[in-house]
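Just below is one structure, and these are the notes that go with it.
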Amino acid sequence: MADHTEVTVEGRKVRIRSSESEPLPPYAPSVSVGHPVPRVDAVDKVTGRAVFSTDVRLPNMAHVRFVRSTRVHARVKSIDTAALSSIAGFLALVDPLEMVGKSLKDFLGRELPILTDEPRYFGEELLAVCAETESAARQAVRAIRVEYEDMPFTVDPEECVKAGRFVGGGWSRGKPGRPAVYERGDVAKGFASSDQIFERTYRTAWNVHASLEPHAAVASFENDRWTVWESTQGVFSVRDDLAALLAVPSRRIRVIGTYMGGGFGGKSGAGKYTFLAAYLSKKLARPVRAVQDRSEEFFSPYGRPPSIQKLKVGVRKDGRIMAIEQMGVHATGAYEFGAEWGSAENMLTEMYACDHVRTQSYAALTNTPPSCAMRAPGHAQGAFALEQMIDEIAHALSIDPVEIRLKNLPSRDPESGKTFAGPAGVHGMAECLKKGAELFAWRKKTSETKNDPATPVKRGIGVAAASWSAGGGPPASATLRLFSDGTAELAVGAADIGTGTRTVLAQIAAEETGLRVDDIRVINADTDQTSYTLPSYGSLTLASAGPAVRRASHACRRQILALAEDVLQAPAKSLTLADGKVTRPGSKKKPAESVAIAEFVSLSPSHEIFGRGDREGNPDVAIKAYAAQFAAVSVNVETGVVAIDEWIAVNESGRVVNPRTFESQQIGGVTMGLGMALTEDRVFDGGTGRPLNPNFADYKLPTIQVQPSNFIAVAVDRPTDANVIGAKGLGEPPIIPTAPALANAIHSATGVRIDTLPLSPKGILDALNRAKS
Amino acid sequence: MDKAPVSFRINGKTWSGSVHPLKRLLDTIREDVGLTGTKEGCGEGECGACTVLLDGSPVMSCLVPTCQAEGKEVTTIEGLVRDGELHPMQDCFIQEGGAQCGICTPGMIMAAVAYANDPDSAEDMREALAGNLCRCTGYTRIYEAVRCAMEKMGDSGRSGKKDEGSRKKKAGAT
């Protein structure tokens, strides 16, 4: 572990020693961890008993809705609210003047106003109305007349860049009109030493998270405190955002997010609706509910921005990558807000060993909704370019696409120069590629996939890979309380966004303490009842909260064992904890003996056994998760329709705590990737600037009919030594290689490269026609 | 228009109240009857989260005006549990891991129950569930859960084989 961190306190740089973590025994789980335990909350979910934020109904609850801009870029000239007084149930109107200085902030502090009278994109929030019922609130919205003075706009990111309206994308706040540049080595030198140079421009489409539960909050103000139910990935970030917006201390806000209907990066903090609900609940002294419509999910600051990536790669004849140069443009919206999320660079800088890399990131200030983190932000876009380019190079040099990837694997993290987390001697991406190739029968299919020129249905195969930083880390903590009846309460701040966090954390606690999973109640995502943790994003939840849970549980284990040594008259190391009991093995002299854990809790001085665990710091290494995917497709060259015949997804994310939830994450990620690859495309009309398909009828999510008929998801179950449970993250990696694997398979089938997402029948036919002419 | 009296049976019990006849059945169920197991995902009949059974047939309750339920039998997710016993479809969703975040689950289960009760109502299970979106699972575990339940519910030979067959047919077709 790094022995210190350098921080600035009141303008002074200081070195803080890293806190010492108790060394834990090596992890060799067997009882619960590693088993496909059913989800601990499954009964609540299948019976309709699980209460989501959208289900919270409080007495006397009022409803808030937004008046949204019907113009793309305009100045509000006048607002006529005269008709409001005649609407039964109308309660309050909030205008931008009342919200001066109130804004959402992105990771780099860039602001997005809560309300505005100078909208910069269609659907931007101008006013908020509150009414007795939802339908009265809708009526009130319709009754307000807004007059605008239109201003020039563009929704085209490339046009914006040409006009100089952009900022640097990525993780540092550059100067306006300057791209963010990453550089290592000297690309000119790299290209000079290349035998062949490949260039192509790739385009990825605009996506939206499309969580089936929309953004939603219910706020109640009582006894000088707010209670907010929010559909969120991070209750603590919502609390902190609200504390800042309301200018009140954190102790006056409780945020509850126990059940939430999907996030995918789009629910990481408070929304405008959250603040309005909280603000109005105090102002009106009654609970307020704010739930977005499906169409509003397309106008709000959520979604994956589109990208245009110009990529140039130099290689030697033997397939070694010598230089990578990329220029990426993405649409970030007119506020700069969220400009960090569209950059595809990291994929290019971290995937392969290459000494000479230069990337430029342009975040175009388009008149479109601000961009947001969406599952594997940047990487999913970057992979579509890089992983197709690698395929193109492999074919041009007659090298197997799997081999060329293995040949270019980095031995150290190319960005930081750090070694990779252990165990040493194996590379997760190599394992994914090899395992997948074997399961898919890659070599056999490569030699056997041939197409009869007479038939319109062409078969093809493709592969793509990914890496993603997935080590997790502090801050995360957990507490475990054992009761004298042998049951327990595990409290963790992390949200379970559908991944199975509650379940896998209960498994870790069960493994360590010997309790049964069924006897552990998990309390999560409630700022009053759990300790601080980061939101469930960035594939960090399990690798952050898991070790904290093991530590909390280990603290309980030690207390149980101390009592058990006396009761069972045996040294702790000879005792086993499982199935709610502590067992001393039998010997020649004495038969085996078991005592219930409940008994030890009763004997403990406080009649409860309590443990707290804090996530230890990470070692000073690069911790990556890896993925490889193999696709077999049939493409009808007369219709452009793609059928997926076979899909194999392999992931190396360290230890597999629950094979069932692991596999579900893989399949779910690939399916979202198939949506990105095949159909998902938010269209903004260039002429009017309006979103043309803000609904599920025209923005097509994958249905059960898209699911590949032969779909295998497997894990490389290889615990990392980077933390005390050996697990890494799995949220993002499965979506990253999907679109390029499919594009590569389409190329293998048809001989044409589709450089633009989505890979629609029209796109495929157009490419085929271009290739012909 | 004003509110009007309406009466229907929901999960085996008669419910009578006064609502606007065109109020969405979804809202009547959630707000007036007070059962929030039925979810709203899109409000425009595209996602299936609000699926309930109306006289045994699956409907998207966001598209059904309450007056159309007059005198009929509505079954929601809350109505599947009988005498404290979970419906086989619920059991199988637990066992097979068919629920992830859980928001689409009630509607998905109701659509699946309707199909399991009448496998002839659709070409195959994929068609029966094509109107129910799930953003988490990628559908594989849902598919397996429904197959498991159909086997448990009997009629397994016919419907099970039918879906296996259609799966193969799909794999070969392009």
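Please note that chains go A, B, ... in the order of the structure tokens, that every chain numbers its residues from 1, and that ligands are numbered from 1 in the order shown.
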Within 8 Å of chain B, which residues of chain A show up when using only C-alpha atoms, listed as a compact mmCIF listing (two decimals) with N, CA, C and O atoms, in the first residue's frame?
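Dumped to selection-v2.txt:
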# COMPACT_ATOMS: atom_id res chain seq x y z
N PRO A 38 -29.28 -17.53 -3.84
CA PRO A 38 -30.35 -16.67 -4.40
C PRO A 38 -30.32 -15.29 -3.75
O PRO A 38 -29.88 -15.14 -2.60
N ARG A 39 -30.80 -14.30 -4.48
CA ARG A 39 -30.77 -12.94 -3.95
C ARG A 39 -31.56 -12.83 -2.64
O ARG A 39 -32.67 -13.36 -2.56
N ALA A 42 -34.98 -11.27 -3.13
CA ALA A 42 -35.77 -11.77 -4.25
C ALA A 42 -37.26 -11.85 -3.91
O ALA A 42 -38.11 -11.53 -4.75
N VAL A 43 -37.58 -12.27 -2.69
CA VAL A 43 -39.00 -12.40 -2.34
C VAL A 43 -39.69 -11.04 -2.41
O VAL A 43 -40.78 -10.90 -2.98
N LYS A 45 -38.95 -8.62 -4.27
CA LYS A 45 -39.05 -8.18 -5.66
C LYS A 45 -40.10 -8.95 -6.45
O LYS A 45 -40.74 -8.37 -7.34
N VAL A 46 -40.27 -10.22 -6.17
CA VAL A 46 -41.24 -10.98 -6.97
C VAL A 46 -42.67 -10.88 -6.44
O VAL A 46 -43.60 -11.33 -7.09
N THR A 47 -42.83 -10.30 -5.26
CA THR A 47 -44.17 -10.17 -4.71
C THR A 47 -44.71 -8.74 -4.83
O THR A 47 -45.87 -8.49 -4.48
N GLY A 48 -43.88 -7.82 -5.28
CA GLY A 48 -44.33 -6.43 -5.37
C GLY A 48 -44.22 -5.70 -4.04
O GLY A 48 -44.69 -4.57 -3.90
N ARG A 49 -43.60 -6.37 -3.06
CA ARG A 49 -43.50 -5.78 -1.73
C ARG A 49 -42.37 -4.75 -1.65
O ARG A 49 -42.38 -3.88 -0.79
N ALA A 50 -41.37 -4.89 -2.51
CA ALA A 50 -40.25 -3.95 -2.50
C ALA A 50 -40.77 -2.55 -2.82
O ALA A 50 -41.43 -2.35 -3.83
N VAL A 51 -40.49 -1.62 -1.94
CA VAL A 51 -40.97 -0.25 -2.15
C VAL A 51 -39.86 0.59 -2.79
O VAL A 51 -38.82 0.81 -2.20
N PHE A 52 -40.10 1.01 -4.02
CA PHE A 52 -39.17 1.87 -4.74
C PHE A 52 -39.56 3.32 -4.47
O PHE A 52 -40.67 3.60 -4.00
N ASP A 55 -42.78 4.45 -5.48
CA ASP A 55 -43.93 3.86 -4.78
C ASP A 55 -44.25 4.58 -3.47
O ASP A 55 -45.27 4.29 -2.85
N ALA A 210 -31.92 4.74 -19.73
CA ALA A 210 -33.20 4.04 -19.82
C ALA A 210 -33.42 3.07 -18.66
O ALA A 210 -33.91 1.97 -18.87
N SER A 211 -33.04 3.48 -17.46
CA SER A 211 -33.44 2.69 -16.30
C SER A 211 -34.95 2.59 -16.34
O SER A 211 -35.62 3.58 -16.62
N LEU A 212 -35.49 1.41 -16.01
CA LEU A 212 -36.94 1.27 -16.11
C LEU A 212 -37.66 2.08 -15.05
O LEU A 212 -38.82 2.44 -15.23
N GLU A 213 -36.99 2.36 -13.94
CA GLU A 213 -37.56 3.35 -13.02
C GLU A 213 -36.94 4.70 -13.37
O GLU A 213 -35.72 4.85 -13.37
N PRO A 214 -37.78 5.69 -13.67
CA PRO A 214 -37.22 6.99 -14.03
C PRO A 214 -36.58 7.65 -12.80
O PRO A 214 -36.70 7.15 -11.69
N TYR A 259 -34.48 0.41 -2.30
CA TYR A 259 -34.80 -0.22 -3.58
C TYR A 259 -34.79 0.85 -4.67
O TYR A 259 -35.39 1.92 -4.50
N MET A 260 -34.10 0.56 -5.74
CA MET A 260 -34.06 1.52 -6.85
C MET A 260 -34.05 0.75 -8.16
O MET A 260 -33.46 -0.31 -8.26
N GLY A 261 -34.73 1.32 -9.14
CA GLY A 261 -34.96 0.58 -10.37
C GLY A 261 -33.97 0.85 -11.48
O GLY A 261 -34.35 1.28 -12.57
N GLY A 262 -32.70 0.60 -11.22
CA GLY A 262 -31.68 0.71 -12.26
C GLY A 262 -31.03 2.07 -12.29
O GLY A 262 -31.67 3.10 -12.04
N ASP A 293 -41.19 11.85 -16.24
CA ASP A 293 -41.82 11.05 -17.29
C ASP A 293 -40.75 10.33 -18.08
O ASP A 293 -39.61 10.77 -18.12
N ARG A 294 -41.16 9.33 -18.83
CA ARG A 294 -40.19 8.67 -19.70
C ARG A 294 -39.59 9.65 -20.70
O ARG A 294 -38.39 9.66 -20.91
N VAL A 457 -27.36 -14.94 -47.08
CA VAL A 457 -27.06 -14.94 -45.64
C VAL A 457 -25.60 -15.33 -45.43
O VAL A 457 -25.19 -16.43 -45.77
N ASP A 496 -27.77 -1.08 -3.82
CA ASP A 496 -27.83 -2.27 -4.66
C ASP A 496 -28.64 -1.87 -5.88
O ASP A 496 -29.86 -1.76 -5.83
N ILE A 497 -27.94 -1.62 -6.97
CA ILE A 497 -28.64 -1.07 -8.14
C ILE A 497 -29.15 -2.17 -9.06
O ILE A 497 -29.44 -1.94 -10.23
N GLY A 498 -29.26 -3.36 -8.47
CA GLY A 498 -29.75 -4.49 -9.24
C GLY A 498 -28.69 -5.54 -9.47
O GLY A 498 -28.96 -6.62 -9.99
N THR A 499 -27.46 -5.21 -9.04
CA THR A 499 -26.34 -6.10 -9.31
C THR A 499 -26.29 -7.26 -8.34
O THR A 499 -25.65 -8.27 -8.60
N GLY A 500 -26.93 -7.11 -7.17
CA GLY A 500 -26.87 -8.16 -6.16
C GLY A 500 -25.96 -7.80 -4.99
O GLY A 500 -25.54 -8.67 -4.23
N SER A 634 -25.05 -14.06 -38.45
CA SER A 634 -25.47 -14.24 -39.83
C SER A 634 -26.02 -12.91 -40.30
O SER A 634 -26.87 -12.32 -39.62
N VAL A 635 -25.51 -12.44 -41.41
CA VAL A 635 -25.97 -11.14 -41.93
C VAL A 635 -26.65 -11.39 -43.28
O VAL A 635 -26.06 -12.00 -44.17
N ASN A 636 -27.85 -10.91 -43.38
CA ASN A 636 -28.54 -11.01 -44.66
C ASN A 636 -28.16 -9.78 -45.48
O ASN A 636 -28.54 -8.66 -45.15
N VAL A 641 -30.17 -7.26 -42.21
CA VAL A 641 -30.54 -7.73 -40.87
C VAL A 641 -29.47 -8.67 -40.33
O VAL A 641 -29.00 -9.57 -41.02
N VAL A 642 -29.09 -8.42 -39.08
CA VAL A 642 -28.07 -9.23 -38.42
C VAL A 642 -28.74 -10.18 -37.44
O VAL A 642 -29.57 -9.75 -36.63
N ALA A 643 -28.42 -11.45 -37.50
CA ALA A 643 -28.88 -12.40 -36.47
C ALA A 643 -27.66 -12.86 -35.70
O ALA A 643 -26.61 -13.15 -36.29
N ASP A 645 -25.92 -15.60 -33.79
CA ASP A 645 -26.04 -17.05 -33.65
C ASP A 645 -25.40 -17.55 -32.37
O ASP A 645 -25.85 -18.52 -31.78
N ARG A 660 -24.01 -16.83 -9.80
CA ARG A 660 -25.26 -16.46 -10.45
C ARG A 660 -25.35 -14.96 -10.72
O ARG A 660 -25.66 -14.53 -11.83
N THR A 661 -25.02 -14.15 -9.72
CA THR A 661 -25.10 -12.70 -9.93
C THR A 661 -23.99 -12.25 -10.88
O THR A 661 -24.16 -11.31 -11.66
N SER A 664 -25.21 -12.99 -14.33
CA SER A 664 -26.29 -12.06 -14.68
C SER A 664 -25.73 -10.70 -15.07
O SER A 664 -26.22 -10.06 -16.00
N GLN A 665 -24.68 -10.25 -14.37
CA GLN A 665 -24.05 -8.98 -14.73
C GLN A 665 -23.45 -9.06 -16.12
O GLN A 665 -23.53 -8.11 -16.90
N ILE A 667 -24.33 -11.07 -18.66
CA ILE A 667 -25.36 -11.16 -19.71
C ILE A 667 -26.08 -9.82 -19.84
O ILE A 667 -26.34 -9.35 -20.95
N GLY A 668 -26.37 -9.19 -18.71
CA GLY A 668 -27.04 -7.89 -18.75
C GLY A 668 -26.18 -6.84 -19.43
O GLY A 668 -26.69 -6.01 -20.20
N GLY A 669 -24.87 -6.87 -19.15
CA GLY A 669 -23.97 -5.89 -19.76
C GLY A 669 -23.87 -6.09 -21.27
O GLY A 669 -23.91 -5.14 -22.04
N VAL A 670 -23.74 -7.35 -21.67
CA VAL A 670 -23.65 -7.64 -23.11
C VAL A 670 -24.94 -7.20 -23.80
O VAL A 670 -24.91 -6.61 -24.89
N THR A 671 -26.07 -7.45 -23.16
CA THR A 671 -27.35 -7.11 -23.78
C THR A 671 -27.48 -5.60 -23.94
O THR A 671 -27.94 -5.11 -24.97
N MET A 672 -27.05 -4.86 -22.93
CA MET A 672 -27.06 -3.40 -23.07
C MET A 672 -26.10 -3.01 -24.21
O MET A 672 -26.37 -2.08 -24.99
N ASN A 695 -38.76 8.40 -26.68
CA ASN A 695 -39.71 7.40 -26.16
C ASN A 695 -39.22 6.02 -26.54
O ASN A 695 -38.35 5.86 -27.40
N PHE A 696 -39.79 5.01 -25.89
CA PHE A 696 -39.35 3.64 -26.14
C PHE A 696 -39.91 3.05 -27.44
O PHE A 696 -39.52 1.95 -27.82
N ALA A 697 -40.82 3.77 -28.09
CA ALA A 697 -41.30 3.26 -29.37
C ALA A 697 -40.24 3.48 -30.44
O ALA A 697 -40.05 2.64 -31.31
N LEU A 701 -34.82 -0.32 -27.17
CA LEU A 701 -34.01 -1.12 -26.25
C LEU A 701 -34.08 -2.58 -26.70
O LEU A 701 -35.06 -3.00 -27.32
N PRO A 702 -33.06 -3.36 -26.34
CA PRO A 702 -33.15 -4.78 -26.65
C PRO A 702 -34.32 -5.43 -25.90
O PRO A 702 -34.57 -5.10 -24.74
N THR A 703 -35.02 -6.29 -26.59
CA THR A 703 -36.08 -7.07 -25.94
C THR A 703 -35.58 -8.51 -25.80
O THR A 703 -34.49 -8.84 -26.26
N ILE A 704 -36.42 -9.36 -25.24
CA ILE A 704 -36.03 -10.76 -25.07
C ILE A 704 -35.80 -11.42 -26.43
O ILE A 704 -35.12 -12.43 -26.54
N GLN A 705 -36.32 -10.82 -27.49
CA GLN A 705 -36.13 -11.41 -28.82
C GLN A 705 -34.74 -11.14 -29.39
O GLN A 705 -34.33 -11.79 -30.34
N GLN A 707 -32.01 -11.37 -27.53
CA GLN A 707 -31.09 -12.23 -26.80
C GLN A 707 -30.54 -13.35 -27.69
O GLN A 707 -31.31 -14.07 -28.32
N SER A 709 -29.41 -16.72 -29.20
CA SER A 709 -29.97 -18.02 -28.83
C SER A 709 -28.92 -18.91 -28.15
O SER A 709 -29.25 -19.76 -27.36
N ASN A 710 -27.67 -18.69 -28.48
CA ASN A 710 -26.62 -19.49 -27.86
C ASN A 710 -25.67 -18.53 -27.17
O ASN A 710 -24.78 -17.97 -27.79
Taking the DSSP secondary structure from the backbone, can you list the residues of region 625-752 of chain A that are strand (DSSP E or B), as a ChimeraX atom specification?
/A:625-636,642-652,654,684,691,711-715,727
Quick one: residues within 10 Å of region 20-29 of chain B, only C-alpha atoms, excluding same-chain residues fewer than 4 positions away - as a VMD selection string?
chain B and resid 1 to 6 10 33 to 40 43 50 to 52 60 to 70 74 76
Residues as selected, C-alpha atoms, written as an mmCIF file, in the first residue's frame, can you do that?
data_model
loop_
_atom_site.group_PDB
_atom_site.id
_atom_site.type_symbol
_atom_site.label_atom_id
_atom_site.label_comp_id
_atom_site.auth_asym_id
_atom_site.auth_seq_id
_atom_site.Cartn_x
_atom_site.Cartn_y
_atom_site.Cartn_z
ATOM 1 C CA MET B 1 -65.624 15.257 -16.525
ATOM 2 C CA ASP B 2 -66.247 14.342 -12.949
ATOM 3 C CA LYS B 3 -65.453 11.276 -11.006
ATOM 4 C CA ALA B 4 -67.846 8.383 -11.393
ATOM 5 C CA PRO B 5 -68.434 5.254 -9.359
ATOM 6 C CA VAL B 6 -66.552 2.197 -10.510
ATOM 7 C CA ILE B 10 -59.002 -7.032 -7.704
ATOM 8 C CA VAL B 33 -56.650 0.752 -4.401
ATOM 9 C CA GLY B 34 -53.234 1.387 -2.875
ATOM 10 C CA LEU B 35 -51.294 -1.484 -4.414
ATOM 11 C CA THR B 36 -47.901 -0.240 -5.607
ATOM 12 C CA GLY B 37 -46.498 -3.548 -6.813
ATOM 13 C CA THR B 38 -47.586 -2.606 -10.344
ATOM 14 C CA LYS B 39 -44.942 -0.219 -11.729
ATOM 15 C CA GLU B 40 -44.885 2.567 -14.285
ATOM 16 C CA GLY B 43 -46.649 5.361 -19.407
ATOM 17 C CA CYS B 50 -47.458 -2.032 -15.555
ATOM 18 C CA THR B 51 -48.765 -5.367 -16.886
ATOM 19 C CA VAL B 52 -51.739 -6.753 -14.952
ATOM 20 C CA MET B 60 -50.655 -2.720 -19.934
ATOM 21 C CA SER B 61 -52.573 -0.910 -17.260
ATOM 22 C CA CYS B 62 -51.173 2.478 -18.341
ATOM 23 C CA LEU B 63 -53.240 2.144 -21.520
ATOM 24 C CA VAL B 64 -56.466 0.967 -19.913
ATOM 25 C CA PRO B 65 -59.027 3.509 -18.732
ATOM 26 C CA THR B 66 -60.437 2.499 -15.374
ATOM 27 C CA CYS B 67 -63.987 2.337 -16.725
ATOM 28 C CA GLN B 68 -62.939 -0.639 -18.847
ATOM 29 C CA ALA B 69 -62.290 -2.623 -15.689
ATOM 30 C CA GLU B 70 -65.881 -2.188 -14.517
ATOM 31 C CA VAL B 74 -58.031 -7.552 -12.112
ATOM 32 C CA THR B 76 -51.847 -7.759 -9.911
#
Quick one: distance from CA of Arg200 (chain A) to CA of Ala339 (chain A) in Å, one decimal?
24.0 Å
All alpha helix (DSSP H) residues (DSSP, backbone) inside chain B, as an MDAnalysis selection string:
chainID B and resid 25:27 88:96 105:117 125:129 140:152 156:172
